[in-house]
Amino acid sequence: MNALLSNRKYIIGGIFLVVCISCIVRLFYMQVIDDSLKLDASNETFRHITQYPPRGCIFDRNGHLLVSNEAAYDILVTPSQVKDFDTNSFCTDLGIAKADFISGLKKATIQNTAYHASVFMKEVTPEIYAAFQEKMYKYHGFTSQVRTVRRYPLKIAPHILGYIGEVDKNLCERDPEYKEGDYIGISGVEESYEDDLRGKKGVKIEMFDAMNKEVGDYKNGKFDTLPVTGDNLTCSIDAKLQEYGEKLMQNKAGSIVAIDPRTGEILALISSPNYDPNMMVGSVRAKNYARLLQDSIDVPLFNRALMAMYPPGSTFKTIEALIGQQEGVLDENTVYSCPGAFHIGNVTVACDLRHGPLQLEKAIAYSCNTYFCNVFMSIMSNKKYHSTEEAFASWRRYVTSFGIGVRPDIDLPSGLRGSLPTENYYDKFHGKGHWKGSTIISLAIGQGELGVTPLQLANQAAIIGNRGYYYTPHIIKGIGDKPASKKYTTKHFVPIESKYFEVVADGMCDVVNDGTAAASKIPGVVMCGKTGTAQNPNGRNNSLFIAFAPKDTPRIAISVVVERGGWGADWAAPIASLMIEKYLTDTIKRAEIEQRMLNGNTIQYLAEEKTAPKKKHNKHTTKPVRMASIKKPDQ
Amino acid sequence: MSNRRNNIIPHIDWITIGLYGVIVLIGWINIYSAVFNPVHPNIFDFSQRYGKQFVWIMTGFAMAFLVMISEASFFPAFSYPLYGMFVFADLVVRFVGRNIAGSHSWFRIGEIGIQPAELGMFAINLGLAKYLSNEKNTTNSKKIRWIAIAMIVFPMLLIIIQNETGVAVTYVAFIFVLYREGLSGNILLIGFLTIVLFILALVGNKFIISIILAVIALVAFLIFSRRKVKDITRIGGILALSLAIIFGTNYAFNHLEPHQKKRIQVFLQQNVNNSKEGYNLHQAEIAIGSGSYMGKGYLQGTQAKLNYVPAHATDFIFVTPCEEWGFVGATTIVILFFVLILRLIFLAERQRSPYSRIYGYGVASIFFIHVAINVGMNLGLVPVIGIPLPFISYGGSSFWAFTLLLFIFLRLDADRLQILR
């Protein structure tokens, strides 16, 4: 009997064994097979706190601060940890309604699950944050993170600097560098130098205990990474000149681009109308952006300096003169007589005056249409070439070398290439062999299919100033301690010998001395310029001017476009001269012209044109301030 | 006297003492990690639980030593008085005991609290060993069997009244002792089936289960019975009892204490809110799961240390080795306990004296039920019942109780060749 009972030890041992094995199997399942538990553990204990680096600041060429950072605070919430607390006091501290609190929690849960921190309130001001932060320990589940928002102390150059905004969802998926809610440069330098400005995010791994109390860094920060501050940028613009240019352009639509021809650095790039870049910061951005976007008359978000295309008008005659000389069909002594118009076949190009016989220099000074139509015809019928197509292709190569019809390699996110048709275009339009120089004669005076941007015009002035070469225009001189990219320190030559430039420069000097823009002469500065009055089928002509100064060692090259300004000499030339005077002498001696320019209003013509697009011409009741004086022939 | 004391040394089972020593050591360094306080990194710092546990361990060793030098015959002789004292204390504590966290189970003498329930397994084991080892008493007799069961169930009820149901559940362990001493094996089967029915009744559809049971009864009747009235009544009786359990379960369940109800619901994964009643278990599971294969390394655990796991030094102490030593470490601990228990069964079986054997089985069963329930609840295999893991959980009285329990048996075992008791 006892022996039999003794066998029961096997049954008892067996039961114990089964239980023991069950425990081990269960352990194996939980610890080795089931991965979900591991994730849960690190999710609730560790918070990967992103350490946002301050974005790089931007300075002007003289070290004035253009863009700086200011602290703002995001309030984060982890919905699962929100425990009972005084919601009323919470809402009062943050200045929100209770409904916002509830919907905010819901939103966070949906967006990022209840177990992750998500942004509850964005960019809280330091004042509100200070009050909130004192009580934050009471509000379980709420934490904060410091963010930096941009400040623009000088309120200038919105189109250059651009703005930052929250990164696009699609980009977050493509680029691991970005997470939803991060900021990214959306336009201007902020966009094109995003990689340098943003710095490198750091991660701090903090451990939290069950009471949501921070208990320190994980392994004393062994796995943390420090944020790396973004590089500061040195912008090539001269803040004072930029500011002055923006003032001159107030109440006008158009742009100014000023370049240092010795380096290709852009000294000022103004697109008007513009806006205060501080409008694009923080929580007000969305609202302001929508408002600016809706302004279809001023289109303030549109960067005319790079994105607007205008017929170059008479400013193009300078290039014509250079090509003619290089092609051997023109020299400084070539004389054409102007009877007041140019006739060929059934084509007539009017000239504003009967200039009589002119040599090249004076033809530029007086902007004689007849003269340059003749030049253009001689280029097109050059015996060197077998056909007009061939001659045109050669002409086009020259024009292209000036950067026209080529997308500028500027360090800003966008830039039009302009319009420069190919021979194929005319073949298609007129039929192969059915067009010749006279067919496309409007190109001679910068009209027709030609289109250039203000940046290209400024670069053209720089090339003439340099007598045949240019550096690619760029807006950033230096990144951190490093100089700008090498592509901006390479000289680009146009295929025209420098000796041919002298007569053009002389002619441009005459433009200001006793030519079409004589009213814009700067005392004590030898400026070379060329007016342009580009025809505009919709209304008033656009006023254009390109210039460089001083004549022999140019330190500034400039282009000014005033939309619907009329004659080039009316608005563009005086504004350009004031800009040059300001830059070279730092004082304005011509207060009367300055006042007239500052008070002038030409944007009304554009507004009228846009609101009444069908009417051929404006019937304005209030006359704008206009130049009463010299109206030099200029077309 | 001194002769005999010297004599027992070669008869002491050093293997068991070795296993005990290893488990105690693991327990202590594990407590150090579980409640590690970086401000007090000294493991002997008495302001910390690891320092205190060191004191409990040392006093426990002293007690063990005292037991080993005492006379082996002392224990059978004082079994009944100790059992009686325990039952009496349990009766009285209901009326004079202090209410601590809803349970009237503590005597307070100055600063020291004594919980008779914790000593219960110890007293019952002594009493039961004494009673069943009486030569006149064999478990073949129905009367003896019922008295033995009553000796367990009566204090169990007293303890349930004290709201210490968890402790009472551990007394179920004595079923193995009774079984070893001749109780029909059916009792184990019935116990097992009852638990199964209980769970089925809570999770399943009662009517479907009833129909299935009725079909099983019918099949059983057709196959096994000799179609006699006796068989019909027997099978019918079992069926009726099963149905009673099934339909009674809900009634009983609804009359449980709310926290007990919740614990069972958590175990069955019914309407569990992981941030409320399911929090303990959920956090324990997360912590255990995060240990992975080899663990995070000693002192590198996060979940338990950062208080995500409640009671991580006592009832949920097993979480820490799981987290820090991983599957390998946790399995090692489980196996160590299993080997210890098997060793105890082996020792029990080699006793000449039925008293020593019964006592030994009691020790093995008590260890088994504690390890099984504690580890099981940590792993979510059984409902949460607040009982310690022997030698590993923090706490002086439980450490002492288990040490005494074990060393009395080792003392008896060392004496196995001397006398037939």
# chains A, B, ... in the order shown; residues from 1 in each chain; ligands from 1
>>> residues_around(residues="B:Leu126", least_positions_apart="2", cutoff="9 Å", atoms="only C-alpha atoms", output="number ranges by chain")
B: 75-76, 78-80, 82-83, 121-124, 128-131, 355, 358-359, 362
>>> select_by_dssp(residues="stretch 104-220 of chain B", states="alpha helix (DSSP H)", output="PyMOL selection string")
chain B and resi 116-133+142-161+165-170+174-180+186-203+206-220
>>> residues_around(residues="A:Gly437", least_positions_apart="4", cutoff="9 Å", atoms="only C-alpha atoms", output="MDAnalysis selection string")
chainID A and resid 376:381 388 392 441
>>> residues_around(residues="A:Gly230", least_positions_apart="5", cutoff="6 Å", atoms="only C-alpha atoms", output="PyMOL selection string")
chain A and resi 55-56+196-199
>>> closest_atom_pairs(of="chain B", to="chain A", cutoff="9 Å", atoms="only C-alpha atoms", output="JSON lines")
{"residue": "B:Phe176", "atom": "CA", "partner": "A:Ile12", "partner_atom": "CA", "distance": 7.0}
{"residue": "B:Tyr179", "atom": "CA", "partner": "A:Arg8", "partner_atom": "CA", "distance": 7.9}
{"residue": "B:Arg180", "atom": "CA", "partner": "A:Arg8", "partner_atom": "CA", "distance": 6.0}
{"residue": "B:Glu181", "atom": "CA", "partner": "A:Leu5", "partner_atom": "CA", "distance": 6.9}
{"residue": "B:Gly182", "atom": "CA", "partner": "A:Leu5", "partner_atom": "CA", "distance": 6.4}
{"residue": "B:Ser275", "atom": "CA", "partner": "A:Ser80", "partner_atom": "CA", "distance": 8.6}
{"residue": "B:Gln283", "atom": "CA", "partner": "A:Ala41", "partner_atom": "CA", "distance": 8.4}
{"residue": "B:Glu285", "atom": "CA", "partner": "A:Leu37", "partner_atom": "CA", "distance": 7.1}
{"residue": "B:Ile286", "atom": "CA", "partner": "A:Leu37", "partner_atom": "CA", "distance": 4.8}
{"residue": "B:Ala287", "atom": "CA", "partner": "A:Ala41", "partner_atom": "CA", "distance": 6.4}
{"residue": "B:Ile288", "atom": "CA", "partner": "A:Gln31", "partner_atom": "CA", "distance": 6.4}
{"residue": "B:Gly289", "atom": "CA", "partner": "A:Gln31", "partner_atom": "CA", "distance": 4.3}
{"residue": "B:Ser290", "atom": "CA", "partner": "A:Lys38", "partner_atom": "CA", "distance": 4.1}
{"residue": "B:Gly291", "atom": "CA", "partner": "A:Gln31", "partner_atom": "CA", "distance": 6.1}
{"residue": "B:Ser292", "atom": "CA", "partner": "A:Gln31", "partner_atom": "CA", "distance": 4.4}
{"residue": "B:Tyr293", "atom": "CA", "partner": "A:Val32", "partner_atom": "CA", "distance": 5.7}
{"residue": "B:Gly295", "atom": "CA", "partner": "A:Gln31", "partner_atom": "CA", "distance": 8.9}
{"residue": "B:Gln300", "atom": "CA", "partner": "A:Lys219", "partner_atom": "CA", "distance": 8.9}
{"residue": "B:Thr302", "atom": "CA", "partner": "A:Thr45", "partner_atom": "CA", "distance": 7.2}
{"residue": "B:Gln303", "atom": "CA", "partner": "A:Ala41", "partner_atom": "CA", "distance": 6.9}
{"residue": "B:Lys305", "atom": "CA", "partner": "A:Asp209", "partner_atom": "CA", "distance": 8.2}
{"residue": "B:Leu306", "atom": "CA", "partner": "A:Asp209", "partner_atom": "CA", "distance": 4.4}
{"residue": "B:Asn307", "atom": "CA", "partner": "A:Ala210", "partner_atom": "CA", "distance": 5.3}
{"residue": "B:Tyr308", "atom": "CA", "partner": "A:Ala210", "partner_atom": "CA", "distance": 4.6}
{"residue": "B:Val309", "atom": "CA", "partner": "A:Ala210", "partner_atom": "CA", "distance": 8.1}
{"residue": "B:Cys322", "atom": "CA", "partner": "A:Gln31", "partner_atom": "CA", "distance": 8.2}
{"residue": "B:Glu323", "atom": "CA", "partner": "A:Gln31", "partner_atom": "CA", "distance": 8.8}
{"residue": "B:Gly326", "atom": "CA", "partner": "A:Gln31", "partner_atom": "CA", "distance": 7.1}
{"residue": "B:Phe327", "atom": "CA", "partner": "A:Gln31", "partner_atom": "CA", "distance": 6.1}
{"residue": "B:Ala330", "atom": "CA", "partner": "A:Leu27", "partner_atom": "CA", "distance": 7.8}
{"residue": "B:Thr331", "atom": "CA", "partner": "A:Ile24", "partner_atom": "CA", "distance": 6.0}
{"residue": "B:Val334", "atom": "CA", "partner": "A:Cys20", "partner_atom": "CA", "distance": 6.9}
{"residue": "B:Ile335", "atom": "CA", "partner": "A:Cys20", "partner_atom": "CA", "distance": 7.5}
{"residue": "B:Phe338", "atom": "CA", "partner": "A:Cys20", "partner_atom": "CA", "distance": 6.9}
{"residue": "B:Ile341", "atom": "CA", "partner": "A:Phe16", "partner_atom": "CA", "distance": 8.6}
{"residue": "B:Leu342", "atom": "CA", "partner": "A:Gly13", "partner_atom": "CA", "distance": 6.8}
{"residue": "B:Ile345", "atom": "CA", "partner": "A:Lys9", "partner_atom": "CA", "distance": 7.2}
{"residue": "B:Phe346", "atom": "CA", "partner": "A:Lys9", "partner_atom": "CA", "distance": 8.5}
{"residue": "B:Glu349", "atom": "CA", "partner": "A:Ser6", "partner_atom": "CA", "distance": 7.3}
{"residue": "B:Phe368", "atom": "CA", "partner": "A:Phe16", "partner_atom": "CA", "distance": 7.2}
{"residue": "B:Ala372", "atom": "CA", "partner": "A:Val19", "partner_atom": "CA", "distance": 6.9}
{"residue": "B:Val375", "atom": "CA", "partner": "A:Cys23", "partner_atom": "CA", "distance": 7.3}
{"residue": "B:Gly376", "atom": "CA", "partner": "A:Cys23", "partner_atom": "CA", "distance": 6.6}
{"residue": "B:Leu379", "atom": "CA", "partner": "A:Arg26", "partner_atom": "CA", "distance": 7.0}
{"residue": "B:Gly380", "atom": "CA", "partner": "A:Arg26", "partner_atom": "CA", "distance": 8.9}
{"residue": "B:Leu381", "atom": "CA", "partner": "A:Cys23", "partner_atom": "CA", "distance": 8.1}
>>> residues_around(residues="stretch 180-187 of chain A", least_positions_apart="5", cutoff="10 Å", atoms="only C-alpha atoms", output="PyMOL selection string")
chain A and resi 52+55+118-119+122+147-149+158-173+192-195+197-198+412-414
>>> write_last_selection(atoms="N, CA and C atoms", output="JSON list (two decimals), in the first residue's frame")
[["chain", "number", "residue", "atom", "x", "y", "z"],
["A", 52, "TYR", "N", 16.14, 71.09, -30.87],
["A", 52, "TYR", "CA", 16.18, 71.86, -32.10],
["A", 52, "TYR", "C", 17.36, 72.82, -32.08],
["A", 55, "ARG", "N", 18.40, 78.04, -35.88],
["A", 55, "ARG", "CA", 18.66, 78.20, -37.30],
["A", 55, "ARG", "C", 19.70, 79.29, -37.47],
["A", 118, "SER", "N", 2.58, 64.92, -28.66],
["A", 118, "SER", "CA", 2.38, 65.69, -29.88],
["A", 118, "SER", "C", 2.10, 67.12, -29.50],
["A", 119, "VAL", "N", 2.22, 67.97, -30.50],
["A", 119, "VAL", "CA", 2.10, 69.40, -30.22],
["A", 119, "VAL", "C", 0.66, 69.73, -29.90],
["A", 122, "LYS", "N", 1.04, 75.62, -30.49],
["A", 122, "LYS", "CA", 2.26, 75.98, -31.18],
["A", 122, "LYS", "C", 2.69, 77.40, -30.85],
["A", 147, "ARG", "N", 11.30, 76.35, -29.30],
["A", 147, "ARG", "CA", 11.52, 76.46, -30.73],
["A", 147, "ARG", "C", 12.04, 77.86, -30.99],
["A", 148, "THR", "N", 12.64, 78.03, -32.11],
["A", 148, "THR", "CA", 13.01, 79.38, -32.45],
["A", 148, "THR", "C", 12.17, 79.83, -33.62],
["A", 149, "VAL", "N", 11.74, 81.05, -33.57],
["A", 149, "VAL", "CA", 11.03, 81.63, -34.70],
["A", 149, "VAL", "C", 11.91, 82.74, -35.25],
["A", 158, "PRO", "N", 12.03, 90.88, -48.16],
["A", 158, "PRO", "CA", 11.27, 89.64, -47.97],
["A", 158, "PRO", "C", 11.49, 88.64, -49.10],
["A", 159, "HIS", "N", 11.66, 89.16, -50.31],
["A", 159, "HIS", "CA", 11.79, 88.24, -51.43],
["A", 159, "HIS", "C", 13.13, 87.54, -51.45],
["A", 160, "ILE", "N", 14.15, 88.21, -50.92],
["A", 160, "ILE", "CA", 15.47, 87.58, -50.86],
["A", 160, "ILE", "C", 15.49, 86.56, -49.74],
["A", 161, "LEU", "N", 15.07, 87.01, -48.57],
["A", 161, "LEU", "CA", 15.23, 86.17, -47.38],
["A", 161, "LEU", "C", 14.27, 85.00, -47.39],
["A", 162, "GLY", "N", 13.07, 85.24, -47.89],
["A", 162, "GLY", "CA", 12.08, 84.17, -47.89],
["A", 162, "GLY", "C", 11.54, 83.96, -46.49],
["A", 163, "TYR", "N", 10.92, 82.83, -46.28],
["A", 163, "TYR", "CA", 10.37, 82.56, -44.95],
["A", 163, "TYR", "C", 10.40, 81.07, -44.71],
["A", 164, "ILE", "N", 10.14, 80.71, -43.46],
["A", 164, "ILE", "CA", 10.11, 79.29, -43.13],
["A", 164, "ILE", "C", 8.69, 78.90, -42.73],
["A", 165, "GLY", "N", 8.39, 77.65, -42.86],
["A", 165, "GLY", "CA", 7.08, 77.18, -42.49],
["A", 165, "GLY", "C", 7.17, 75.70, -42.18],
["A", 166, "GLU", "N", 6.06, 75.14, -41.78],
["A", 166, "GLU", "CA", 6.08, 73.73, -41.41],
["A", 166, "GLU", "C", 6.31, 72.87, -42.64],
["A", 167, "VAL", "N", 7.07, 71.84, -42.43],
["A", 167, "VAL", "CA", 7.48, 71.00, -43.53],
["A", 167, "VAL", "C", 6.28, 70.22, -44.06],
["A", 168, "ASP", "N", 6.31, 70.01, -45.35],
["A", 168, "ASP", "CA", 5.25, 69.31, -46.04],
["A", 168, "ASP", "C", 5.25, 67.82, -45.66],
["A", 169, "LYS", "N", 4.05, 67.27, -45.53],
["A", 169, "LYS", "CA", 3.95, 65.86, -45.11],
["A", 169, "LYS", "C", 4.70, 64.92, -46.04],
["A", 170, "ASN", "N", 4.58, 65.16, -47.33],
["A", 170, "ASN", "CA", 5.22, 64.27, -48.29],
["A", 170, "ASN", "C", 6.73, 64.26, -48.13],
["A", 171, "LEU", "N", 7.27, 65.45, -47.85],
["A", 171, "LEU", "CA", 8.72, 65.54, -47.69],
["A", 171, "LEU", "C", 9.16, 64.76, -46.45],
["A", 172, "CYS", "N", 8.34, 64.81, -45.40],
["A", 172, "CYS", "CA", 8.67, 64.06, -44.17],
["A", 172, "CYS", "C", 8.86, 62.59, -44.50],
["A", 173, "GLU", "N", 8.02, 62.11, -45.41],
["A", 173, "GLU", "CA", 8.12, 60.69, -45.73],
["A", 173, "GLU", "C", 9.36, 60.39, -46.56],
["A", 192, "SER", "N", 16.87, 78.15, -50.37],
["A", 192, "SER", "CA", 18.02, 77.69, -51.15],
["A", 192, "SER", "C", 19.20, 77.32, -50.25],
["A", 193, "TYR", "N", 19.28, 77.90, -49.05],
["A", 193, "TYR", "CA", 20.36, 77.54, -48.14],
["A", 193, "TYR", "C", 19.85, 76.74, -46.95],
["A", 194, "GLU", "N", 18.72, 76.06, -47.14],
["A", 194, "GLU", "CA", 18.11, 75.28, -46.07],
["A", 194, "GLU", "C", 19.12, 74.34, -45.39],
["A", 195, "ASP", "N", 19.90, 73.64, -46.19],
["A", 195, "ASP", "CA", 20.83, 72.66, -45.63],
["A", 195, "ASP", "C", 21.85, 73.30, -44.69],
["A", 197, "LEU", "N", 21.43, 76.40, -43.19],
["A", 197, "LEU", "CA", 20.79, 77.16, -42.13],
["A", 197, "LEU", "C", 20.23, 76.29, -41.03],
["A", 198, "ARG", "N", 19.72, 75.10, -41.41],
["A", 198, "ARG", "CA", 18.93, 74.36, -40.43],
["A", 198, "ARG", "C", 19.77, 73.75, -39.33],
["A", 412, "LEU", "N", 19.07, 81.55, -55.43],
["A", 412, "LEU", "CA", 17.72, 81.72, -54.95],
["A", 412, "LEU", "C", 16.88, 80.67, -55.66],
["A", 413, "PRO", "N", 15.81, 80.26, -55.04],
["A", 413, "PRO", "CA", 15.12, 79.08, -55.55],
["A", 413, "PRO", "C", 14.57, 79.20, -56.95],
["A", 414, "SER", "N", 14.32, 80.41, -57.42],
["A", 414, "SER", "CA", 13.70, 80.47, -58.74],
["A", 414, "SER", "C", 14.30, 81.59, -59.56]]
>>> atom_distance(atom1="atom CA of A:Tyr471", atom2="atom CA of A:Pro261")
7.3 Å
>>> closest_atom_pairs(of="stretch 220-265 of chain B", to="stretch 205-214 of chain B", cutoff="9 Å", atoms="only C-alpha atoms", output="JSON lines")
{"residue": "B:Leu239", "atom": "CA", "partner": "B:Ala214", "partner_atom": "CA", "distance": 6.8}
{"residue": "B:Ser242", "atom": "CA", "partner": "B:Leu213", "partner_atom": "CA", "distance": 8.0}
{"residue": "B:Leu243", "atom": "CA", "partner": "B:Ser210", "partner_atom": "CA", "distance": 6.4}
{"residue": "B:Ile246", "atom": "CA", "partner": "B:Lys206", "partner_atom": "CA", "distance": 6.7}
{"residue": "B:Phe247", "atom": "CA", "partner": "B:Lys206", "partner_atom": "CA", "distance": 7.2}
>>> residues_around(residues="A:Ile558", least_positions_apart="5", cutoff="8 Å", atoms="only C-alpha atoms", output="number ranges by chain")
A: 256-259, 457-459, 461-462, 546-548, 576, 580
>>> write_last_selection(atoms="N, CA and C atoms", output="PDB file, in the first residue's frame")
ATOM      1  N   ILE A 256      14.332  96.539 -58.621  1.00  0.00           N
ATOM      2  CA  ILE A 256      15.690  97.048 -58.769  1.00  0.00           C
ATOM      3  C   ILE A 256      16.621  95.880 -58.484  1.00  0.00           C
ATOM      4  N   VAL A 257      17.619  95.703 -59.327  1.00  0.00           N
ATOM      5  CA  VAL A 257      18.663  94.729 -59.020  1.00  0.00           C
ATOM      6  C   VAL A 257      19.993  95.449 -59.165  1.00  0.00           C
ATOM      7  N   ALA A 258      20.781  95.425 -58.088  1.00  0.00           N
ATOM      8  CA  ALA A 258      22.092  96.050 -58.149  1.00  0.00           C
ATOM      9  C   ALA A 258      23.144  94.986 -57.893  1.00  0.00           C
ATOM     10  N   ILE A 259      24.188  94.993 -58.720  1.00  0.00           N
ATOM     11  CA  ILE A 259      25.217  93.963 -58.633  1.00  0.00           C
ATOM     12  C   ILE A 259      26.570  94.645 -58.522  1.00  0.00           C
ATOM     13  N   LEU A 457      18.928  91.954 -66.759  1.00  0.00           N
ATOM     14  CA  LEU A 457      19.272  93.312 -67.178  1.00  0.00           C
ATOM     15  C   LEU A 457      20.453  93.839 -66.361  1.00  0.00           C
ATOM     16  N   ALA A 458      20.413  93.601 -65.066  1.00  0.00           N
ATOM     17  CA  ALA A 458      21.487  94.086 -64.202  1.00  0.00           C
ATOM     18  C   ALA A 458      22.796  93.410 -64.577  1.00  0.00           C
ATOM     19  N   ASN A 459      22.710  92.125 -64.870  1.00  0.00           N
ATOM     20  CA  ASN A 459      23.916  91.397 -65.243  1.00  0.00           C
ATOM     21  C   ASN A 459      24.471  91.918 -66.563  1.00  0.00           C
ATOM     22  N   ALA A 461      24.268  94.976 -67.547  1.00  0.00           N
ATOM     23  CA  ALA A 461      24.985  96.214 -67.205  1.00  0.00           C
ATOM     24  C   ALA A 461      26.359  95.885 -66.623  1.00  0.00           C
ATOM     25  N   ALA A 462      26.405  94.810 -65.805  1.00  0.00           N
ATOM     26  CA  ALA A 462      27.666  94.413 -65.195  1.00  0.00           C
ATOM     27  C   ALA A 462      28.662  93.970 -66.267  1.00  0.00           C
ATOM     28  N   ILE A 546      19.207 100.617 -67.333  1.00  0.00           N
ATOM     29  CA  ILE A 546      20.341  99.867 -66.823  1.00  0.00           C
ATOM     30  C   ILE A 546      21.511 100.828 -66.719  1.00  0.00           C
ATOM     31  N   ALA A 547      22.384 100.571 -65.774  1.00  0.00           N
ATOM     32  CA  ALA A 547      23.493 101.503 -65.581  1.00  0.00           C
ATOM     33  C   ALA A 547      24.626 100.820 -64.840  1.00  0.00           C
ATOM     34  N   PHE A 548      25.808 101.427 -64.960  1.00  0.00           N
ATOM     35  CA  PHE A 548      26.914 101.040 -64.090  1.00  0.00           C
ATOM     36  C   PHE A 548      27.730 102.287 -63.800  1.00  0.00           C
ATOM     37  N   ALA A 576      17.524 104.664 -60.575  1.00  0.00           N
ATOM     38  CA  ALA A 576      18.829 104.013 -60.673  1.00  0.00           C
ATOM     39  C   ALA A 576      19.932 104.977 -60.253  1.00  0.00           C
ATOM     40  N   ILE A 580      22.627 104.524 -57.201  1.00  0.00           N
ATOM     41  CA  ILE A 580      24.078 104.554 -57.406  1.00  0.00           C
ATOM     42  C   ILE A 580      24.707 105.643 -56.544  1.00  0.00           C
TER      43      ILE A 580
END
>>> select_by_dssp(residues="stretch 47-198 of chain B", states="strand (DSSP E or B)", output="list in words")
Arg98, Asn99, Ile100, Ser103, His104, Ser105, Trp106, Phe107, Arg108, Ile109, Ile112, Gly113 and Ile114 of chain B
>>> write_last_selection(atoms="C-alpha atoms", output="JSON list (two decimals), in the first residue's frame")
[["chain", "number", "residue", "atom", "x", "y", "z"],
["B", 98, "ARG", "CA", -6.02, 46.20, 13.43],
["B", 99, "ASN", "CA", -7.63, 47.11, 10.20],
["B", 100, "ILE", "CA", -4.83, 47.53, 7.70],
["B", 103, "SER", "CA", -8.00, 43.36, 6.20],
["B", 104, "HIS", "CA", -8.41, 42.50, 9.85],
["B", 105, "SER", "CA", -5.44, 40.24, 10.00],
["B", 106, "TRP", "CA", -2.78, 41.99, 12.00],
["B", 107, "PHE", "CA", -1.88, 41.95, 15.67],
["B", 108, "ARG", "CA", -0.01, 45.02, 16.70],
["B", 109, "ILE", "CA", 2.46, 44.76, 19.52],
["B", 112, "ILE", "CA", 5.81, 45.04, 15.37],
["B", 113, "GLY", "CA", 2.94, 43.69, 13.36],
["B", 114, "ILE", "CA", 2.16, 40.00, 13.34]]
>>> atom_distance(atom1="atom CA of A:Val335", atom2="atom CA of A:Cys373")
12.6 Å
>>> closest_residue(among="A:Asn466, A:Asn369, A:Asn513, A:Thr400", to="A:Gly532", atoms="only C-alpha atoms")
A:Asn369
>>> atom_distance(atom1="atom CA of A:Leu105", atom2="atom CA of A:Lys83")
12.1 Å
>>> residues_around(residues="A:Met508", least_positions_apart="4", cutoff="6 Å", atoms="only C-alpha atoms", output="list in words")
Cys528, Gly529 and Lys530 of chain A
>>> write_last_selection(atoms="N, CA and C atoms", output="CSV table (one decimal), in the first residue's frame")
chain,number,residue,atom,x,y,z
A,528,CYS,N,27.3,105.4,-66.4
A,528,CYS,CA,26.9,105.0,-67.8
A,528,CYS,C,25.5,104.3,-67.7
A,529,GLY,N,24.6,104.7,-68.5
A,529,GLY,CA,23.3,104.1,-68.4
A,529,GLY,C,22.6,104.0,-69.7
A,530,LYS,N,21.5,103.3,-69.8
A,530,LYS,CA,20.8,103.2,-71.0
A,530,LYS,C,19.3,103.1,-70.6
